[in-house]
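Student: First the structure, then my questions, so here it is.
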Amino acid sequence: MATKALTSVAQRASLRLLPTRPASVQERNWRELLLEDDSDAIWSKISNLVKAQAPGGERDFNLMTQDIFLFLLATQRFNVYLDRQYSEQEITLDILSLLPC
């Protein structure tokens, strides 16, 4: 039985060629996210807080995140954080205070 060596169809991508992931939301602070008006990153950071602190299932996390995000947006709380120069910890604590007990 004759065997033939396998020929490669495509080169494997090295780690250098793989697209880099954007910086994690956790690495950027609240002030940066708010100044950049990066709603996706803000949502993600709120979602991470909710998941870390609130009991409940995935659906509950998403609903809580949505409620908090919309409340902060509707009350212009994001602007308050910037105008009053809230610290990272103050913003986080304020958002956590919105979670149901």
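So you can find residues: chains in the structure tokens are A, B, ... in the order shown, residues in each start at 1, and ligands are numbered from 1 in order.
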For Leu34 in chain A, work out the shell of residues within 10 Å, counting only C-alpha atoms and skipping chain neighbours fewer than 6 positions away, then give it as an MDAnalysis selection string.
Tutor: chainID A and resid 41:42 78:79 81:82
Student: Could you check which of A:Trp30, A:Asn62, A:Gly56, A:Asp38 is closest to Asp94 in chain A, using only C-alpha atoms?
Tutor: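 Of A:Trp30, A:Asn62, A:Gly56, A:Asp38, the one nearest Asp94 in chain A, counting only C-alpha atoms, is A:Trp30.
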Student: Taking only C-alpha atoms into account, name the residue in A:Leu33, A:Ala52, A:Leu96, A:Ile46 that is nearest to Thr65 in chain A.
Tutor: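 Checking each candidate against Thr65 in chain A, we get A:Ile46 as the closest.
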Student: Using only C-alpha atoms, find the one residue out of A:Ser97, A:Gln53, A:Gln85, A:Thr92 that sits nearest to Leu35 in chain A.
Tutor: A:Gln85
Student: I want to know what sits within 12 Å of Leu70 in chain A, based on only C-alpha atoms, with residues of the same chain fewer than 3 positions away left out; could you give that as a list in words?
Tutor: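 Selected residues are Ser39, Ile42, Trp43, Ile46, Leu63, Met64, Thr65, Gln66, Asp67, Leu73, Ala74, Thr75, Gln76, Arg77, Phe78, Ile95 and Leu98 of chain A.
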Student: What does the distance from CA of Arg28 in chain A to CA of Leu93 in chain A come to in Å, to one decimal?
Tutor: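 So the two atoms, CA of Arg28 in chain A and CA of Leu93 in chain A, lie 16.8 Å apart.
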